Amino acid sequence: MKLSENWLRQWTNPDWNSNELAEAFSLAGLEVDSVEPVAGRFTDVVVGHVLSVEKHPDADKLNVTQVDVGASEPLQIVCGAKNVVVGMKACCAKVGAVLPGDFTIKKAKLRGVPSNGMLCSSKELGLPDDGVDGLLLLADDAPIGMDLRTYLDLNDHTIEVDLTPNRADCFSVLGLARDLHAISGAQFNIPFQEAAVITGNACSISVAVQDESACPTYLGCLVSDYNPNAKTPLWMQQRLQRSGVRPLSLIVDITNYVLLELGQPMHAFDADKLQGSVQVRYAKAGEILLTLDEKTVVLKADTLVIADDSGPIALAGVMGGLATAVSDSTRRVFFECAHFAPAAITGKARQYGLHTDSSMRFERGVDPLLPSRALNRALALLQEIAGGEVSQIVRCHSPESLPERSPLLLQRRSLLDKLGVRVADAQVEAIFTRLGFTWQATDEGWQMQPPSYRFDMQIEMDLVEEVGRIFGYNNLPEDPVMAPIALCELPESEQALMALKNALVQRGYNEVVTYSFVEEKKQQALVPDLPHVLLQNPISEEMKAMRTTLFPGLLNTIAYNQNRQQPRVRIFESGLVFYRNDQDPTGATQVPMIGGAIVGPVAASGWDEQSRQADFYDLKGDVETLLRMSHQLGKIRFTVCQHPALHPGQSAALIQNGKEVGLIGQLHPQLLKTYGVSGQIYLFQIRQDALMTMDIPSAQAISKYPEVQRDLAFVLDQAIPVQALLDAIAIPSPILRSVDIFDVYRGQGIAPDQKSVALTLKLQHQERTLEDAEVETLVEQILQAAKTAVNAVLR
């Protein structure tokens with residue numbers, strides 16, 4: 001919520017400066033993001049009236065002007081602006097004026113012509129860009145000689161408050177003023193006269209509400225014979241602009257002004273474009289509406305709309321339709337002011353790719369008693385500015401369908417227990433009185449009745465929170481927390497996820513946290529066959545699917561870094577992936593995963609070593625580190641696989657007990673463009689449950705007898721994986737300690753379709769020295785097993 005500080009102070013004006021006011025809001029739970037002056041610092045700039053404009057005798061692009069600033073004599077000012085004309089009102093900095101940047105205006109001569117001041121643009125005064133190439137234009141009725149800061153009310157600040165979703169009541173100047181009044185105790189004023197507008201004849205447009213639970217209140221009113229040429233007054237334009245709203249036309253500006261001032265969304269229809277009666281109903285599936293932002297939406301049957309006899313003319317609580325929008329040619333206006341139930345509006349804007357101030361407020365909840373007050377305010381503003389005849393108000397009202405605020409019991413004991421301080425009864429009562437609650441004292445505390453606009457008051461703790469934030473969290477005692485802390489022991493057979501993360505960090509990785517929501521098409525390019533979950537109300541089209549793999553988030557992070565000239569990326573993430581499961585009550589199965597990705601040089605380049613690009617085996621080594629930590633290195637096998645996300649020649653599945661628990665490989669080259677990445681990217685992901693168990697270590701004596709080593713080189717077909725050879729020679733034997741690969745050779749002396757794999761066998765007995773015969777016997781068994789299993793022969 002963004003607003004003008006001066007506007008807020010018209011409602012309640014505590015004796016605080018701007019920073020103190022912002023700090024008070026923040027300490028009360030309404031975090032202030034920024035406090036910015038509406039204009040740069042300048043002095044002695046006044047409203048000037050250009051009396052004459054003549055060409056500079058010695059410069060084609062300069063003009064010599066005479067400017068009336070309310071003094072006895074006009075000022076001669078040399079000006080280079082293209083839009084300077086006789087009769088205009090402009091901003092004139094007199095001699096001695098100081099502009100933003102500490103630029104002082106002095107008497108000067110420009111090409112020999114004296115200049116006694118400066119005509120200014122919005123940029124030169126530190127004002128928001130007005131879109132005009134040249135001088136800042138002022139209204140024709142601007143008082144000549146008036147200080148510009150006073151005329152444009154520039155001694156003001158814009159305050160931006162970051163509101164939490166539960167504080168829907170503060171999405172208005174009125175709401176923030178109520179809270180400021182409660183926090184500060186300053187007097188609360190309504191800065192305008194609240195009175196029912198005098199109405200005339202009955203409204204010629206009838207209204208019908210189909211579902212009163214979705215729309216308990218709908219008010220309509222017809223205004224005619226107003227001045228269509230009336231302009232939005234300067235004070236209203238300023239307040240709208242300082243609230244982040246662009247002024248458009250008087251009718252639209254009034255509805256936006258009431259929205260910001262009171263928090264009630266409204267809409268204005270061109271009455272002459274309406275056909276028949278106005279109906280509040282649910283759309284018929286397939287009906288089409290062209291919205292104000294010229295977006296065509298195909299409506300669903302669960303969407304509440306405003307319609308006339310021709311069909312839908314607005315999305316209820318979201319946005320109006322272009323066909324009935326007011327314009328410069330509008331002569332009769334039908335004002336709509338309604339209360340829509342949050343359940344009927346929630347998610348509808350996102351469903352159609354829209355986001356509006358109205359939908360944001362209705363989704364969170366708007367005061368159900370506000371429509372009549374807001375409509376009267378809008379009509380009063382229109383009559384004050386442009387006149388007009390107002391019809392009687394058409395009312396469709398269902399009191400039984402309005403939300404009810406149940407009374408809540410606040411106990412003194414609860415305040416003491418939760419806040420740690422005894423707050424005086426009179427202070428508690430004063431706080432809730434200023435907040436608009438009605439209350440009745442009881443023996444235990446108070447029976448509190450929340451006001452209609454406080455949707456967030458549901459339980460007693462909500463009342464305790466109100467006392468705490470208005471009393472002041474900084475006024476609560478700082479007592480040490482005395483609570484028993486039980487440290488849970490991690491069984492020795494379980495692996496800690498944090499230990500795995502630390503291992504990756506020590507190997508040069510950085511942890512990332514990415515969204516669980518991903519773009520459906522991009523994810524399907526990676527895993528087209530996995531059933532995925534689609535969100536009914538996604539944040540955006542790019543975040544409509546729940547991820548079935550960690551790869552999209554990792555690839556998006558790599559793209560982000562590569563776009564910022566970071567060629568070397570080593571990242572990992574732990575999190576959930578989601579698979580659609582129609583048998584599960586939630587509709588999805590969640591699986592914890594840990595995954596990572598590398599691209600670029602293995603190490604940062606240095607003067608003492610040559611850079612090398614990371615490859616499959618670098619990533620495989622990192623994955624083996626995780627497996628080794630969990631004692632799974634010998635239990636989980638790397639098996640060649642074909643996966644749509646991975647390069648067919650550099651990919652492997654991790655198999656544990658015959659079940660696939662992970663993937664590793666190079667990103668398929670065809671997917672580089674899809675994700676906007678470059679280079680050879682290697683990825684892995686493993687189910688966390690495959691790494692969370694460890695073998696309990698058992699002590700074993702070290703043999704004191706000598707070790708025997710035998711090197712064997714096998715020749716086998718190129719297509720046979722080395723793992724198959726290792727599996728073949730894994731003969732159960734009490735003397736075979738380990739088998740290690742030390743060379744893989746292809747080339748001269750080896751057939752093109754074959755390879756040579758050299759292994760080192762380490763043999764040792766626990767209780768005696770080995771004999772040559774038993775060593776040779778074991779070697780023969782290994783040679784025979786290799787021949788039988790994979791047709792490998794000794795080289």
# chains A, B, ... in the order shown; residues from 1 in each chain; ligands from 1

$ closest_atom_pairs --of "segment 198-291 of chain A" --to "segment 371-383 of chain A" --cutoff "10 Å" --atoms "only C-alpha atoms" --output "Markdown table"
| residue | atom | partner | partner_atom | distance |
| --- | --- | --- | --- | --- |
| A:Ile198 | CA | A:Ala380 | CA | 9.2 |
| A:Thr199 | CA | A:Leu379 | CA | 10.0 |
| A:Thr217 | CA | A:Pro371 | CA | 7.7 |
| A:Tyr218 | CA | A:Pro371 | CA | 8.0 |
| A:Leu219 | CA | A:Pro371 | CA | 7.3 |
| A:Gly220 | CA | A:Leu375 | CA | 8.6 |
| A:Cys221 | CA | A:Leu375 | CA | 8.5 |
| A:Leu222 | CA | A:Leu379 | CA | 9.9 |
| A:Val223 | CA | A:Leu379 | CA | 8.3 |
| A:Tyr226 | CA | A:Gln383 | CA | 7.6 |
| A:Asn227 | CA | A:Gln383 | CA | 9.4 |
| A:Ala230 | CA | A:Leu382 | CA | 9.6 |
| A:Thr232 | CA | A:Leu382 | CA | 9.7 |
| A:Leu250 | CA | A:Leu382 | CA | 8.1 |
| A:Ile251 | CA | A:Leu382 | CA | 7.6 |
| A:Asp253 | CA | A:Ala378 | CA | 10.0 |
| A:Ile254 | CA | A:Ala378 | CA | 6.2 |
| A:Thr255 | CA | A:Ala378 | CA | 6.7 |
| A:Asn256 | CA | A:Ala378 | CA | 9.6 |
| A:Tyr257 | CA | A:Ala378 | CA | 8.4 |
| A:Val258 | CA | A:Ala378 | CA | 6.5 |
| A:Leu259 | CA | A:Ala374 | CA | 8.3 |
| A:Glu261 | CA | A:Ala374 | CA | 9.2 |
| A:Leu262 | CA | A:Ala374 | CA | 6.8 |
| A:Gly263 | CA | A:Ala374 | CA | 8.5 |
| A:Gln264 | CA | A:Ala374 | CA | 6.4 |
| A:Pro265 | CA | A:Pro371 | CA | 8.6 |
| A:Met266 | CA | A:Leu375 | CA | 8.0 |

$ residues_around --residues "segment 478-493 of chain A" --least-positions-apart "6" --cutoff "10 Å" --atoms "only C-alpha atoms" --output "list in words"
Gly420, Ser630, Met692, Thr693, Met694, Asp695, Ile696 and Pro697 of chain A

$ residues_around --residues "Glu54 of chain A" --least-positions-apart "4" --cutoff "9 Å" --atoms "only C-alpha atoms" --output "list in words"
Leu62, Asn63, Val64, Thr65 and Gln66 of chain A

$ closest_residue --among "A:Tyr352, A:Phe103, A:Trp7, A:Tyr453" --to "Asn189 of chain A" --atoms "only C-alpha atoms"
A:Trp7

$ closest_residue --among "A:Leu410, A:Asn116, A:Asn201, A:Pro477" --to "Ile393 of chain A" --atoms "only C-alpha atoms"
A:Asn201

$ select_by_dssp --residues "segment 489-679 of chain A" --states "strand (DSSP E)" --output "VMD selection string"
chain A and resid 510 to 511 517 to 518 545 to 546 569 to 580 588 to 599 636 to 640 646 to 656 659 to 667

$ atom_distance --atom1 "atom CA of Leu576 of chain A" --atom2 "atom CA of Gly553 of chain A"
11.9 Å

$ closest_atom_pairs --of "segment 175-240 of chain A" --to "segment 155-170 of chain A" --cutoff "9 Å" --atoms "only C-alpha atoms" --output "tab-separated table"
residue	atom	partner	partner_atom	distance
A:Gly175	CA	A:Cys170	CA	4.2
A:Leu176	CA	A:Cys170	CA	5.1
A:Ala177	CA	A:Cys170	CA	8.4
A:Arg178	CA	A:Cys170	CA	8.4
A:Asp179	CA	A:Cys170	CA	8.0

$ residues_around --residues "Leu290 of chain A" --least-positions-apart "2" --cutoff "8 Å" --atoms "only C-alpha atoms" --output "PyMOL selection string"
chain A and resi 288+292+294-297+321-323

$ closest_residue --among "A:His765, A:Ala71, A:Ala314, A:Gly276" --to "Ile702 of chain A" --atoms "only C-alpha atoms"
A:His765

$ residues_around --residues "Leu138 of chain A" --least-positions-apart "6" --cutoff "10 Å" --atoms "only C-alpha atoms" --output "VMD selection string"
chain A and resid 47 to 49 88 to 91 148 151 to 152 234

$ write_last_selection --atoms "all heavy atoms" --output "mmCIF file, in the first residue's frame"
data_model
loop_
_atom_site.group_PDB
_atom_site.id
_atom_site.type_symbol
_atom_site.label_atom_id
_atom_site.label_comp_id
_atom_site.auth_asym_id
_atom_site.auth_seq_id
_atom_site.Cartn_x
_atom_site.Cartn_y
_atom_site.Cartn_z
ATOM 1 N N VAL A 47 5.285 30.035 -9.292
ATOM 2 C CA VAL A 47 4.452 29.953 -10.493
ATOM 3 C C VAL A 47 4.700 31.193 -11.339
ATOM 4 O O VAL A 47 4.559 32.332 -10.861
ATOM 5 C CB VAL A 47 2.966 29.837 -10.135
ATOM 6 C CG1 VAL A 47 2.117 29.824 -11.402
ATOM 7 C CG2 VAL A 47 2.705 28.583 -9.303
ATOM 8 N N GLY A 48 5.091 30.980 -12.587
ATOM 9 C CA GLY A 48 5.350 32.104 -13.478
ATOM 10 C C GLY A 48 4.392 32.095 -14.668
ATOM 11 O O GLY A 48 3.950 31.041 -15.120
ATOM 12 N N HIS A 49 4.078 33.291 -15.152
ATOM 13 C CA HIS A 49 3.188 33.457 -16.306
ATOM 14 C C HIS A 49 4.010 34.041 -17.457
ATOM 15 O O HIS A 49 4.539 35.158 -17.344
ATOM 16 C CB HIS A 49 2.029 34.377 -15.942
ATOM 17 C CG HIS A 49 1.051 34.565 -17.057
ATOM 18 N ND1 HIS A 49 0.317 35.725 -17.230
ATOM 19 C CD2 HIS A 49 0.665 33.729 -18.054
ATOM 20 C CE1 HIS A 49 -0.451 35.602 -18.289
ATOM 21 N NE2 HIS A 49 -0.266 34.392 -18.794
ATOM 22 N N MET A 88 1.392 30.604 -21.152
ATOM 23 C CA MET A 88 1.484 29.389 -20.339
ATOM 24 C C MET A 88 1.891 29.725 -18.911
ATOM 25 O O MET A 88 2.501 30.759 -18.640
ATOM 26 C CB MET A 88 2.496 28.412 -20.945
ATOM 27 C CG MET A 88 3.948 28.850 -20.816
ATOM 28 S SD MET A 88 5.138 27.673 -21.519
ATOM 29 C CE MET A 88 4.877 26.244 -20.505
ATOM 30 N N LYS A 89 1.514 28.832 -17.987
ATOM 31 C CA LYS A 89 1.985 28.912 -16.610
ATOM 32 C C LYS A 89 3.097 27.876 -16.455
ATOM 33 O O LYS A 89 2.936 26.711 -16.841
ATOM 34 C CB LYS A 89 0.847 28.600 -15.635
ATOM 35 C CG LYS A 89 -0.314 29.588 -15.682
ATOM 36 C CD LYS A 89 0.055 30.904 -15.036
ATOM 37 C CE LYS A 89 -1.113 31.888 -15.040
ATOM 38 N NZ LYS A 89 -2.222 31.502 -14.167
ATOM 39 N N ALA A 90 4.236 28.308 -15.918
ATOM 40 C CA ALA A 90 5.408 27.430 -15.813
ATOM 41 C C ALA A 90 6.071 27.631 -14.464
ATOM 42 O O ALA A 90 5.746 28.561 -13.702
ATOM 43 C CB ALA A 90 6.388 27.728 -16.947
ATOM 44 N N CYS A 91 7.017 26.746 -14.167
ATOM 45 C CA CYS A 91 7.775 26.813 -12.916
ATOM 46 C C CYS A 91 8.991 27.718 -13.139
ATOM 47 O O CYS A 91 9.826 27.427 -14.002
ATOM 48 C CB CYS A 91 8.231 25.425 -12.490
ATOM 49 S SG CYS A 91 6.904 24.210 -12.430
ATOM 50 N N LEU A 148 5.992 27.224 -5.498
ATOM 51 C CA LEU A 148 5.610 25.982 -6.176
ATOM 52 C C LEU A 148 5.408 24.836 -5.189
ATOM 53 O O LEU A 148 4.531 23.990 -5.373
ATOM 54 C CB LEU A 148 6.674 25.601 -7.205
ATOM 55 C CG LEU A 148 6.298 24.430 -8.124
ATOM 56 C CD1 LEU A 148 5.177 24.847 -9.073
ATOM 57 C CD2 LEU A 148 7.507 23.945 -8.907
ATOM 58 N N TYR A 151 1.937 25.317 -3.908
ATOM 59 C CA TYR A 151 0.905 25.095 -4.919
ATOM 60 C C TYR A 151 0.737 23.607 -5.239
ATOM 61 O O TYR A 151 -0.382 23.112 -5.354
ATOM 62 C CB TYR A 151 1.249 25.884 -6.191
ATOM 63 C CG TYR A 151 0.318 25.594 -7.346
ATOM 64 C CD1 TYR A 151 -1.040 25.923 -7.277
ATOM 65 C CD2 TYR A 151 0.795 24.977 -8.500
ATOM 66 C CE1 TYR A 151 -1.893 25.648 -8.325
ATOM 67 C CE2 TYR A 151 -0.053 24.698 -9.562
ATOM 68 C CZ TYR A 151 -1.401 25.031 -9.466
ATOM 69 O OH TYR A 151 -2.256 24.751 -10.506
ATOM 70 N N LEU A 152 1.847 22.891 -5.384
ATOM 71 C CA LEU A 152 1.775 21.464 -5.737
ATOM 72 C C LEU A 152 1.839 20.552 -4.516
ATOM 73 O O LEU A 152 1.936 19.332 -4.664
ATOM 74 C CB LEU A 152 2.922 21.120 -6.701
ATOM 75 C CG LEU A 152 2.863 21.762 -8.088
ATOM 76 C CD1 LEU A 152 4.057 21.328 -8.936
ATOM 77 C CD2 LEU A 152 1.558 21.401 -8.802
ATOM 78 N N LEU A 234 -6.537 19.029 -9.259
ATOM 79 C CA LEU A 234 -5.115 18.802 -9.048
ATOM 80 C C LEU A 234 -4.852 18.009 -7.771
ATOM 81 O O LEU A 234 -4.019 17.101 -7.749
ATOM 82 C CB LEU A 234 -4.384 20.149 -9.009
ATOM 83 C CG LEU A 234 -2.878 20.093 -8.783
ATOM 84 C CD1 LEU A 234 -2.187 19.351 -9.917
ATOM 85 C CD2 LEU A 234 -2.309 21.503 -8.628
#

$ select_by_dssp --residues "segment 594-795 of chain A" --states "alpha helix (DSSP H)" --output "count of residues only"
44

$ closest_residue --among "A:Asp102, A:Glu31, A:Asp211, A:Glu429" --to "Gln447 of chain A" --atoms "only C-alpha atoms"
A:Glu429

$ residues_around --residues "segment 503-509 of chain A" --least-positions-apart "2" --cutoff "7 Å" --atoms "only C-alpha atoms" --output "count of residues only"
7

$ atom_distance --atom1 "atom CA of Asp129 of chain A" --atom2 "atom CA of Asp357 of chain A"
23.5 Å

$ atom_distance --atom1 "atom CA of Lys273 of chain A" --atom2 "atom CA of Val252 of chain A"
16.4 Å

$ decode --residues "segment 706-763 of chain A" --atoms "C-alpha atoms" --output "PDB file, in the first residue's frame"
ATOM      1  CA  PRO A 706      52.433 -59.670   3.545  1.00  0.00           C
ATOM      2  CA  GLU A 707      50.085 -58.626   0.746  1.00  0.00           C
ATOM      3  CA  VAL A 708      50.321 -60.144  -2.720  1.00  0.00           C
ATOM      4  CA  GLN A 709      49.501 -58.021  -5.759  1.00  0.00           C
ATOM      5  CA  ARG A 710      48.683 -59.278  -9.244  1.00  0.00           C
ATOM      6  CA  ASP A 711      48.067 -57.090 -12.308  1.00  0.00           C
ATOM      7  CA  LEU A 712      45.780 -58.534 -14.994  1.00  0.00           C
ATOM      8  CA  ALA A 713      44.851 -56.902 -18.325  1.00  0.00           C
ATOM      9  CA  PHE A 714      41.665 -58.188 -19.958  1.00  0.00           C
ATOM     10  CA  VAL A 715      40.566 -57.677 -23.545  1.00  0.00           C
ATOM     11  CA  LEU A 716      36.801 -57.525 -24.009  1.00  0.00           C
ATOM     12  CA  ASP A 717      34.201 -56.063 -26.311  1.00  0.00           C
ATOM     13  CA  GLN A 718      33.945 -52.266 -26.399  1.00  0.00           C
ATOM     14  CA  ALA A 719      30.225 -52.361 -25.607  1.00  0.00           C
ATOM     15  CA  ILE A 720      30.622 -54.326 -22.366  1.00  0.00           C
ATOM     16  CA  PRO A 721      30.741 -52.007 -19.335  1.00  0.00           C
ATOM     17  CA  VAL A 722      33.687 -52.382 -16.981  1.00  0.00           C
ATOM     18  CA  GLN A 723      31.231 -52.929 -14.128  1.00  0.00           C
ATOM     19  CA  ALA A 724      30.163 -56.207 -15.756  1.00  0.00           C
ATOM     20  CA  LEU A 725      33.793 -57.386 -15.692  1.00  0.00           C
ATOM     21  CA  LEU A 726      34.144 -56.382 -12.042  1.00  0.00           C
ATOM     22  CA  ASP A 727      30.945 -58.235 -11.161  1.00  0.00           C
ATOM     23  CA  ALA A 728      32.195 -61.335 -12.993  1.00  0.00           C
ATOM     24  CA  ILE A 729      35.490 -61.580 -11.092  1.00  0.00           C
ATOM     25  CA  ALA A 730      33.990 -60.781  -7.673  1.00  0.00           C
ATOM     26  CA  ILE A 731      34.595 -64.360  -6.510  1.00  0.00           C
ATOM     27  CA  PRO A 732      33.892 -64.979  -2.808  1.00  0.00           C
ATOM     28  CA  SER A 733      37.301 -65.632  -1.332  1.00  0.00           C
ATOM     29  CA  PRO A 734      38.829 -65.021   2.104  1.00  0.00           C
ATOM     30  CA  ILE A 735      42.067 -63.785   0.514  1.00  0.00           C
ATOM     31  CA  LEU A 736      40.731 -61.361  -2.168  1.00  0.00           C
ATOM     32  CA  ARG A 737      40.869 -57.941  -0.497  1.00  0.00           C
ATOM     33  CA  SER A 738      40.190 -55.573  -3.392  1.00  0.00           C
ATOM     34  CA  VAL A 739      40.045 -55.133  -7.159  1.00  0.00           C
ATOM     35  CA  ASP A 740      41.075 -51.746  -8.581  1.00  0.00           C
ATOM     36  CA  ILE A 741      41.116 -50.446 -12.162  1.00  0.00           C
ATOM     37  CA  PHE A 742      44.337 -48.686 -13.126  1.00  0.00           C
ATOM     38  CA  ASP A 743      44.086 -48.489 -16.929  1.00  0.00           C
ATOM     39  CA  VAL A 744      41.629 -48.620 -19.837  1.00  0.00           C
ATOM     40  CA  TYR A 745      43.348 -48.779 -23.232  1.00  0.00           C
ATOM     41  CA  ARG A 746      42.110 -48.553 -26.813  1.00  0.00           C
ATOM     42  CA  GLY A 747      44.489 -48.336 -29.744  1.00  0.00           C
ATOM     43  CA  GLN A 748      47.369 -50.081 -31.401  1.00  0.00           C
ATOM     44  CA  GLY A 749      47.390 -53.821 -30.772  1.00  0.00           C
ATOM     45  CA  ILE A 750      43.711 -53.894 -29.793  1.00  0.00           C
ATOM     46  CA  ALA A 751      40.879 -54.534 -32.249  1.00  0.00           C
ATOM     47  CA  PRO A 752      38.748 -51.446 -32.999  1.00  0.00           C
ATOM     48  CA  ASP A 753      35.676 -53.008 -31.397  1.00  0.00           C
ATOM     49  CA  GLN A 754      37.549 -54.030 -28.238  1.00  0.00           C
ATOM     50  CA  LYS A 755      39.261 -52.444 -25.247  1.00  0.00           C
ATOM     51  CA  SER A 756      41.840 -53.445 -22.657  1.00  0.00           C
ATOM     52  CA  VAL A 757      41.004 -53.084 -18.978  1.00  0.00           C
ATOM     53  CA  ALA A 758      43.892 -53.468 -16.516  1.00  0.00           C
ATOM     54  CA  LEU A 759      43.089 -54.474 -12.938  1.00  0.00           C
ATOM     55  CA  THR A 760      45.099 -54.784  -9.755  1.00  0.00           C
ATOM     56  CA  LEU A 761      44.183 -57.667  -7.431  1.00  0.00           C
ATOM     57  CA  LYS A 762      45.235 -57.335  -3.806  1.00  0.00           C
ATOM     58  CA  LEU A 763      45.435 -60.662  -1.943  1.00  0.00           C
TER      59      LEU A 763
END
